[in-house]
Structure formats: C-alpha cells, structure tokens
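Structure first, then comments.
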Amino acid sequence: MENIFLWYASRATGLVALVLLTLVVVLGILGSLRVATRSFQRFAVAAIHRNIALVTLAFLAVHIVSGVVDTFVDINWPDAVIPFGSAYRPVWLGLGTAAFDILVALVITSLLRPRINPRLWRAVHWAAYACWPLALVHGLGTGTDSRSGWPLVLLLTCLGIVATAVVARLISAREYADGQPAARRAP
C-alpha cells in the first residue's frame, strides 16, 4: 500500500510541477515582452511568475522525496542532485535532475538578484530555456504511462503552449532588434 501511495504522489506531483513550470516559463516570456493591461500590470506578471516558481519547487520537493523514499525503484538522495548517476533509468532521471539543478540555480540567483551583477542574473536566467525541455523529456522518458493517454496529451499541451510563447518572443525580438518598436524606427 505504501508503494502505491508513493508512486501516485511522485507521478502526480511530477505532472503538476511540469504544468507549473510551463506557467513559469510562459509568464517569464510575457514579462520579457512587457505584456500588461490596465488591470494586469507588469509587476503582477512578475509577482505571479516568482510565486508560481516557488510553488513549483514545493511540488518538486514532494516529487523528489516520494521518488527517493519509494522502495520500488532504486533512487538515492545523491541521484536527486547529481545528474546521470542513478542506477534507475540514468539518462531520463539525469535529465530531470539537471532540470531541477537549473531551477534551483534560477531561484537562488533570483533571491540574490539585488546583490549580484544583473548580467550574471540574466545569463543564469537564460538557463530556464534549458530547464523546461529537460523536465519535459524527463517526464516522457521516466514516467511509466507518459507516452500514452492523458499524460501524453498534458505533455503535448505544455509543449504547444511554451512553443507558442517562444515564437511570440522570437517575433518580438525581431521587431525590437535595434531597441525600438518597428513603428518608431527611421526609414
């Protein structure tokens, strides 16, 4: 009975963490695009982005602890922070571990943002674009049923949402290539 509870806890919190991480990435992209409305100011986007990132860490903590404590698979505590060292599905688990390590670095540097160089913070924050796909691929490879049914639909939906946001970001970067909106550039 204990193993089935831990399996469900690990599985559910992993999927919820991916959905939350997807929201974090999308809100980060919206923040970089300076998207705001009269009722939804930019500071609100930043606050929600930050708070969802912290909630994501809480779900990841339960995901990791339940995976390590579960005796059905052989995952040790070092496997939770050292990528590709696990005896259990080392590549797939290592991708998730690498994503977790990047996320922890993102959170730590964001908490220290007033005390560190803005360029360092920005450079570390660009790692978010690596964190999310690593987490997605980890879910596809490690999950016992993630390649079929509703878990696959959920993963593909997250992929579509992030891909749409990234395309919007790339289009915006092209429009603002010289630091000014296209309408304000001299001919």
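Following the order of the structure tokens, first chain is A, next is B, and so on, with residues numbered from 1 inside each chain and ligands from 1 in the order they appear.
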* Taking the backbone alone, and naming residues the way the document does, which bits of segment 9-185 of chain A are helix (DSSP H, G or I) by DSSP, as an MDAnalysis selection string? -> chainID A and resid 9:32 42:69 77:80 90:111 113:115 118:125 128:142 149:175 182:184
* To do: Would you list the contacts of Ala135 of chain A as a list of chain:residue names, taking every protein, DNA or RNA residue within 7 Å and counting only C-alpha atoms, but skipping same-chain residues closer than 6 positions in sequence?
  =>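 Listed by chain and then number, they are A:Leu18, A:Leu95, A:Gly96, A:Ala99.
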* For Leu155 of chain A, work out the shell of residues within 8 Å, counting only C-alpha atoms and skipping chain neighbours fewer than 3 positions away, then give it as a list in words. => Leu136, Leu140, Ser146, Pro151, Leu152, Cys158 and Leu159 of chain A
* Residue among A:Ala123, A:Val55, A:Leu103, A:Ala9 lying closest to Val69 of chain A, counting only C-alpha atoms ->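 Among the listed residues, A:Ala9 lies closest to Val69 of chain A.
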* Between A:Pro114, A:Gly28, A:Pro83, A:Pro133, single out the one closest to Val45 of chain A, counting only C-alpha atoms. =>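 Of A:Pro114, A:Gly28, A:Pro83, A:Pro133, the one nearest Val45 of chain A is A:Gly28, counting only C-alpha atoms.
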* **12 Å contact set for Ile48 of chain A, only C-alpha atoms, chain neighbours under 2 positions out, as a ChimeraX atom specification** => /A:20,23-28,30-31,40-46,50-56
* Between atom CA of Val124 of chain A and atom CA of Val91 of chain A, measure the distance and give it in Å to one decimal. => 23.4 Å
* Structure fact -> Counting only C-alpha atoms, the residue among A:Ala168, A:Ile82, A:Ala47, A:Leu21 that lies closest to Leu134 of chain A is A:Leu21
* From A:Arg115, A:His49, A:His138, A:Arg174, residue lying nearest Trp92 of chain A [only C-alpha atoms] ->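 When distances to Trp92 of chain A are compared using only C-alpha atoms, the smallest one comes from A:His138.
Neighbouring residues of Ser66 of chain A at 10 Å or closer, counting only C-alpha atoms and skipping chain neighbours under 3 positions away, are Asn3, Phe5, Leu6, Trp7, Tyr8, Ala9, Ser10, Arg11, Thr13, Leu60, Ala61, Val62, His63, Val69, Asp70 and Thr71 of chain A.
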Restricting it to N, CA and C atoms, dump the selection as a PDB file, in the first residue's frame.
ATOM      1  N   ASN A   3       3.870   1.685  -1.250  1.00  0.00           N
ATOM      2  CA  ASN A   3       4.488   1.922  -2.545  1.00  0.00           C
ATOM      3  C   ASN A   3       3.528   2.548  -3.546  1.00  0.00           C
ATOM      4  N   PHE A   5       0.965   4.479  -2.871  1.00  0.00           N
ATOM      5  CA  PHE A   5       0.767   5.873  -2.480  1.00  0.00           C
ATOM      6  C   PHE A   5       1.951   6.722  -2.929  1.00  0.00           C
ATOM      7  N   LEU A   6       3.160   6.223  -2.704  1.00  0.00           N
ATOM      8  CA  LEU A   6       4.352   6.964  -3.114  1.00  0.00           C
ATOM      9  C   LEU A   6       4.433   7.097  -4.628  1.00  0.00           C
ATOM     10  N   TRP A   7       4.042   6.042  -5.345  1.00  0.00           N
ATOM     11  CA  TRP A   7       4.053   6.124  -6.804  1.00  0.00           C
ATOM     12  C   TRP A   7       3.084   7.200  -7.281  1.00  0.00           C
ATOM     13  N   TYR A   8       1.849   7.188  -6.739  1.00  0.00           N
ATOM     14  CA  TYR A   8       0.878   8.212  -7.120  1.00  0.00           C
ATOM     15  C   TYR A   8       1.357   9.606  -6.730  1.00  0.00           C
ATOM     16  N   ALA A   9       1.953   9.735  -5.553  1.00  0.00           N
ATOM     17  CA  ALA A   9       2.456  11.040  -5.109  1.00  0.00           C
ATOM     18  C   ALA A   9       3.555  11.537  -6.043  1.00  0.00           C
ATOM     19  N   SER A  10       4.475  10.668  -6.395  1.00  0.00           N
ATOM     20  CA  SER A  10       5.564  11.061  -7.283  1.00  0.00           C
ATOM     21  C   SER A  10       5.037  11.415  -8.662  1.00  0.00           C
ATOM     22  N   ARG A  11       4.158  10.603  -9.168  1.00  0.00           N
ATOM     23  CA  ARG A  11       3.606  10.811 -10.515  1.00  0.00           C
ATOM     24  C   ARG A  11       2.800  12.101 -10.579  1.00  0.00           C
ATOM     25  N   THR A  13       2.701  14.728  -8.477  1.00  0.00           N
ATOM     26  CA  THR A  13       3.460  15.958  -8.229  1.00  0.00           C
ATOM     27  C   THR A  13       4.415  16.266  -9.378  1.00  0.00           C
ATOM     28  N   LEU A  60       8.067  19.968  -6.656  1.00  0.00           N
ATOM     29  CA  LEU A  60       9.260  19.179  -6.997  1.00  0.00           C
ATOM     30  C   LEU A  60       9.849  18.509  -5.770  1.00  0.00           C
ATOM     31  N   ALA A  61       9.809  19.183  -4.639  1.00  0.00           N
ATOM     32  CA  ALA A  61      10.323  18.576  -3.402  1.00  0.00           C
ATOM     33  C   ALA A  61       9.548  17.309  -3.066  1.00  0.00           C
ATOM     34  N   VAL A  62       8.221  17.374  -3.165  1.00  0.00           N
ATOM     35  CA  VAL A  62       7.402  16.175  -2.900  1.00  0.00           C
ATOM     36  C   VAL A  62       7.671  15.123  -3.961  1.00  0.00           C
ATOM     37  N   HIS A  63       7.801  15.534  -5.212  1.00  0.00           N
ATOM     38  CA  HIS A  63       8.100  14.605  -6.309  1.00  0.00           C
ATOM     39  C   HIS A  63       9.414  13.864  -6.048  1.00  0.00           C
ATOM     40  N   VAL A  69      12.092   7.933  -1.545  1.00  0.00           N
ATOM     41  CA  VAL A  69      11.598   7.110  -0.439  1.00  0.00           C
ATOM     42  C   VAL A  69      10.942   5.826  -0.949  1.00  0.00           C
ATOM     43  N   ASP A  70      10.329   5.874  -2.113  1.00  0.00           N
ATOM     44  CA  ASP A  70       9.685   4.699  -2.697  1.00  0.00           C
ATOM     45  C   ASP A  70      10.730   3.609  -2.915  1.00  0.00           C
ATOM     46  N   THR A  71      10.472   2.430  -2.388  1.00  0.00           N
ATOM     47  CA  THR A  71      11.437   1.327  -2.493  1.00  0.00           C
ATOM     48  C   THR A  71      11.272   0.511  -3.769  1.00  0.00           C
TER      49      THR A  71
END
So that I can check the surroundings of Gly94 of chain A, please list as a JSON list (two decimals) with N, CA and C atoms, in the first residue's frame every protein, DNA and RNA residue that reaches within 12 Å of it, counting only C-alpha atoms and ignoring chain neighbours fewer than 3 positions away.
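Writing done, so here's selection_38.json:
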[["chain", "number", "residue", "atom", "x", "y", "z"],
["A", 75, "ILE", "N", 16.41, 4.73, -6.32],
["A", 75, "ILE", "CA", 16.85, 6.11, -6.48],
["A", 75, "ILE", "C", 17.35, 6.57, -5.11],
["A", 78, "PRO", "N", 21.67, 11.20, -3.49],
["A", 78, "PRO", "CA", 22.58, 11.88, -4.43],
["A", 78, "PRO", "C", 22.03, 11.93, -5.86],
["A", 79, "ASP", "N", 21.23, 10.92, -6.24],
["A", 79, "ASP", "CA", 20.64, 10.89, -7.58],
["A", 79, "ASP", "C", 19.70, 12.08, -7.81],
["A", 80, "ALA", "N", 19.20, 12.67, -6.71],
["A", 80, "ALA", "CA", 18.27, 13.80, -6.82],
["A", 80, "ALA", "C", 18.98, 15.09, -7.20],
["A", 81, "VAL", "N", 20.30, 15.15, -6.99],
["A", 81, "VAL", "CA", 21.02, 16.40, -7.28],
["A", 81, "VAL", "C", 22.22, 16.21, -8.20],
["A", 82, "ILE", "N", 22.66, 14.99, -8.40],
["A", 82, "ILE", "CA", 23.80, 14.71, -9.28],
["A", 82, "ILE", "C", 23.27, 14.00, -10.52],
["A", 83, "PRO", "N", 23.25, 14.70, -11.67],
["A", 83, "PRO", "CA", 22.67, 14.10, -12.88],
["A", 83, "PRO", "C", 23.43, 12.87, -13.38],
["A", 84, "PHE", "N", 22.69, 11.95, -13.92],
["A", 84, "PHE", "CA", 23.18, 10.78, -14.67],
["A", 84, "PHE", "C", 23.96, 9.78, -13.83],
["A", 85, "GLY", "N", 23.76, 9.77, -12.52],
["A", 85, "GLY", "CA", 24.46, 8.81, -11.67],
["A", 85, "GLY", "C", 23.58, 7.70, -11.14],
["A", 86, "SER", "N", 22.30, 7.77, -11.42],
["A", 86, "SER", "CA", 21.35, 6.80, -10.89],
["A", 86, "SER", "C", 21.46, 5.47, -11.59],
["A", 87, "ALA", "N", 21.19, 4.41, -10.84],
["A", 87, "ALA", "CA", 21.12, 3.08, -11.44],
["A", 87, "ALA", "C", 19.78, 2.90, -12.16],
["A", 88, "TYR", "N", 18.77, 3.64, -11.75],
["A", 88, "TYR", "CA", 17.44, 3.55, -12.34],
["A", 88, "TYR", "C", 17.30, 4.57, -13.47],
["A", 89, "ARG", "N", 17.13, 4.12, -14.69],
["A", 89, "ARG", "CA", 16.94, 4.97, -15.85],
["A", 89, "ARG", "C", 17.85, 6.21, -15.81],
["A", 90, "PRO", "N", 19.16, 6.00, -15.85],
["A", 90, "PRO", "CA", 20.10, 7.10, -15.60],
["A", 90, "PRO", "C", 19.97, 8.29, -16.53],
["A", 91, "VAL", "N", 19.68, 8.08, -17.80],
["A", 91, "VAL", "CA", 19.56, 9.21, -18.72],
["A", 91, "VAL", "C", 18.30, 10.01, -18.41],
["A", 97, "THR", "N", 17.04, 15.54, -13.08],
["A", 97, "THR", "CA", 17.95, 16.08, -12.08],
["A", 97, "THR", "C", 18.63, 17.36, -12.58],
["A", 98, "ALA", "N", 19.05, 17.35, -13.83],
["A", 98, "ALA", "CA", 19.67, 18.55, -14.41],
["A", 98, "ALA", "C", 18.66, 19.70, -14.44],
["A", 99, "ALA", "N", 17.41, 19.42, -14.80],
["A", 99, "ALA", "CA", 16.37, 20.46, -14.81],
["A", 99, "ALA", "C", 16.17, 21.01, -13.40],
["A", 100, "PHE", "N", 16.15, 20.13, -12.41],
["A", 100, "PHE", "CA", 15.99, 20.56, -11.02],
["A", 100, "PHE", "C", 17.16, 21.44, -10.59],
["A", 101, "ASP", "N", 18.38, 21.03, -10.93],
["A", 101, "ASP", "CA", 19.56, 21.81, -10.57],
["A", 101, "ASP", "C", 19.51, 23.20, -11.19],
["A", 134, "LEU", "N", 14.24, 19.97, -20.56],
["A", 134, "LEU", "CA", 14.82, 18.84, -19.83],
["A", 134, "LEU", "C", 13.76, 18.18, -18.96],
["A", 135, "ALA", "N", 12.96, 19.00, -18.30],
["A", 135, "ALA", "CA", 11.88, 18.47, -17.45],
["A", 135, "ALA", "C", 10.85, 17.72, -18.29],
["A", 137, "VAL", "N", 11.26, 16.22, -21.27],
["A", 137, "VAL", "CA", 11.82, 14.96, -21.76],
["A", 137, "VAL", "C", 11.97, 13.96, -20.61],
["A", 138, "HIS", "N", 12.34, 14.45, -19.42],
["A", 138, "HIS", "CA", 12.40, 13.59, -18.23],
["A", 138, "HIS", "C", 11.04, 12.93, -18.00],
["A", 139, "GLY", "N", 9.97, 13.73, -18.10],
["A", 139, "GLY", "CA", 8.63, 13.17, -17.90],
["A", 139, "GLY", "C", 8.26, 12.15, -18.96],
["A", 141, "GLY", "N", 10.35, 10.22, -20.62],
["A", 141, "GLY", "CA", 11.17, 9.02, -20.52],
["A", 141, "GLY", "C", 11.05, 8.26, -19.23],
["A", 142, "THR", "N", 10.79, 8.96, -18.13],
["A", 142, "THR", "CA", 10.76, 8.29, -16.83],
["A", 142, "THR", "C", 9.37, 7.81, -16.46]]
* **Nearest to Val19 of chain A by atom-to-atom distance, counting only C-alpha atoms, from A:Trp121, A:Trp126, A:Phe59, A:Trp77** =>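 Distance minimum relative to Val19 of chain A lands on A:Phe59.
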* To do: Go through A:Ile116, A:Ala105, A:Leu170, A:Leu111 one by one, measure the shortest atom-to-atom distance of each to Cys131 of chain A using only C-alpha atoms, and give the residue with the smallest value.
  => A:Ala105
* To do: Could you jot down the atom CA of Arg113 of chain A to atom CA of Ala127 of chain A separation for me, Å, one decimal place?
  =>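 According to the coordinates, atom CA of Arg113 of chain A and atom CA of Ala127 of chain A are separated by 15.4 Å.
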* Structure fact -> Taken to one decimal, the atom CA of Thr144 of chain A-atom CA of Ala165 of chain A distance is 28.6 Å
